[in-house]
Amino acid sequence: MNIRISLVIAAVLLAAVPPAQAAQNLSRHATVAPNAKVDVSNVAGRVDVTAWDRNEVELTAMLESDKDQLEFEASEQQVSIEVIKPHHDDRGSSDAVLTLKIPRGAKLSAETVSADVTVAGVKGEQRLNAVSGDVRTEAYDEPVTLETVSGDGTVVGTGGKAAVSISSISGLAEARGIRGGFDGEVVSGKLKAEIAAAEAISLDSVSGDIEARVELTPDSRVEMESVSGAIAFTIKPPVNAEFDVESFSGQIDSCFSAKARDRSRHGSGSELNFTQGSGGASVHIESMSGDIKVCDR
Amino acid sequence: MTTIPFGRGPQKDPLLAQASGLPQEIAPARDLWPGIETRLAAPSRAMPRRIRWPLALAAGFLVASISALLTWGLLRDPGPNAGETMLAQNPATQPALLPVRYGPNSALGAVQLKARDDLLRQFRKQFAALPPETREIVAKNLAIIQHAADEIDAALGLDPASGLLNGLLFSTYQKELELYSRVVAAGDDRARRT
């Protein structure tokens, strides 16, 4: 084998080596209506959304894989952004980082699998879904719906009266400073809520613990339910509410003067029914085996 | 019993019969030795071995690298339907694929169970495509829902008319549906993106 043949073989072998994946750094821009709808979807990586005072959508994207494609479709009323992966990579082995600026009043919808989502300053309606990524956003006056399977979901209120809904299968579902309605659901995840003067509050768990600190108004309606998770419900004084608390086999504790009583005359379990202060608000709590504690401190 | 002989007799093969008729040796048309002698006496033009070794090593390294890359690629990419095939072959070993079993005291109607089973079929299609860690979490939470359903069923055995227990039973059933629904929705999104 002479040198020429050796060089030819080496060149052929070099040509057969797949090239290293080159990252794609892309940017897109569109002028839109102040309340345009913005849909974002990403499999793996991150989605960071911030609001600004321009009627424009600006996207900066870093796709780790040169096989991924960025789809950006824009009209005045709607912008659709998707990271499209090759079919064999639908589990997201390469990340895509999307950094997005949208009008403050835009409606936002984000769907991810393993990508974290953070949203700041968006006042329009938000629908955020992640399978295993963490999601964090702020609530203003328009509804916020956040759903995860295993990721944590956090919604922080900013003084508005948004109706907030958080649902997580196994992650932490946390809401703070919510002044509108709140609906929280978990299976095994923990549910933590600090609600300021909301009217409709619903907290629901299978085995995860529920921890809620609430400021009630005369119109507040609270529904809490758990199968085996413990419920700790703390109300900011002064407390004016009617309480209806029931558990099949869990213990019921109260910091108020009323004490739980056995329901053996009517069936099984124990219950605690009383009116604190002038009433007005209503609190209904029930569990199968989870312990329940109701306090004002 | 018939015996099948290996090979065939030379006398029965026309090609071999013709070959046996050819002359045993053929003398060259001219004397070739002088040319051979001259080539042997001339200095070799071949490259010294010490110069070819690096190229051979480089080629060997490239072959090894390509082999490693191909192996890695094959292991990393089981193909789009590998998970579904695994589930189809052995669905019983996938605990998450078993629906929640509601006991004899749990009065869920046929309508509720049919709705659940319709959703379960879609869930099964999407479950395999989830990331492994998410599959594990979904399976774990279905087991938690199963445990809750068992607890409620046992309690209903003691107090069948309990509004509390029947309410919690229906709520647990809704949680099961929500879990399936979440997985189905995630699968639909993923399918649309690829």
# chains A, B, ... in the order shown; residues from 1 in each chain; ligands from 1
$ residues_around --residues "Phe170 (chain B)" --least-positions-apart "6" --cutoff "10 Å" --atoms "only C-alpha atoms" --output "ChimeraX atom specification"
/B:106-108,112,149,176
$ write_last_selection --atoms "N, CA, C and O atoms" --output "compact mmCIF listing (two decimals), in the first residue's frame"
# COMPACT_ATOMS: atom_id res chain seq x y z
N SER B 106 -67.37 0.25 45.86
CA SER B 106 -67.28 1.52 45.14
C SER B 106 -68.27 1.50 43.99
O SER B 106 -68.08 0.78 43.01
N ALA B 107 -69.31 2.28 44.13
CA ALA B 107 -70.41 2.22 43.16
C ALA B 107 -70.18 3.16 41.99
O ALA B 107 -70.94 4.09 41.76
N LEU B 108 -69.13 2.88 41.24
CA LEU B 108 -68.93 3.64 39.99
C LEU B 108 -69.76 2.95 38.91
O LEU B 108 -69.77 1.73 38.80
N GLN B 112 -69.21 5.69 33.79
CA GLN B 112 -67.92 6.22 34.25
C GLN B 112 -66.76 5.31 33.84
O GLN B 112 -65.72 5.77 33.39
N ALA B 149 -58.04 4.60 46.28
CA ALA B 149 -59.30 3.91 45.93
C ALA B 149 -59.53 2.70 46.83
O ALA B 149 -60.68 2.44 47.25
N GLU B 176 -57.79 10.05 38.47
CA GLU B 176 -57.27 9.04 37.54
C GLU B 176 -57.46 9.52 36.10
O GLU B 176 -56.53 9.45 35.29
$ closest_residue --among "B:Leu168, B:Leu130, B:Ile145, B:Ile152" --to "Ser132 (chain A)" --atoms "only C-alpha atoms"
B:Leu130
$ residues_around --residues "Arg121 (chain B)" --least-positions-apart "5" --cutoff "10 Å" --atoms "only C-alpha atoms" --output "PyMOL selection string"
chain B and resi 97+116+126+180+184
$ closest_residue --among "A:Ser188, A:Gln78, A:Asn35, A:Gln126" --to "chain B" --atoms "only C-alpha atoms"
A:Ser188
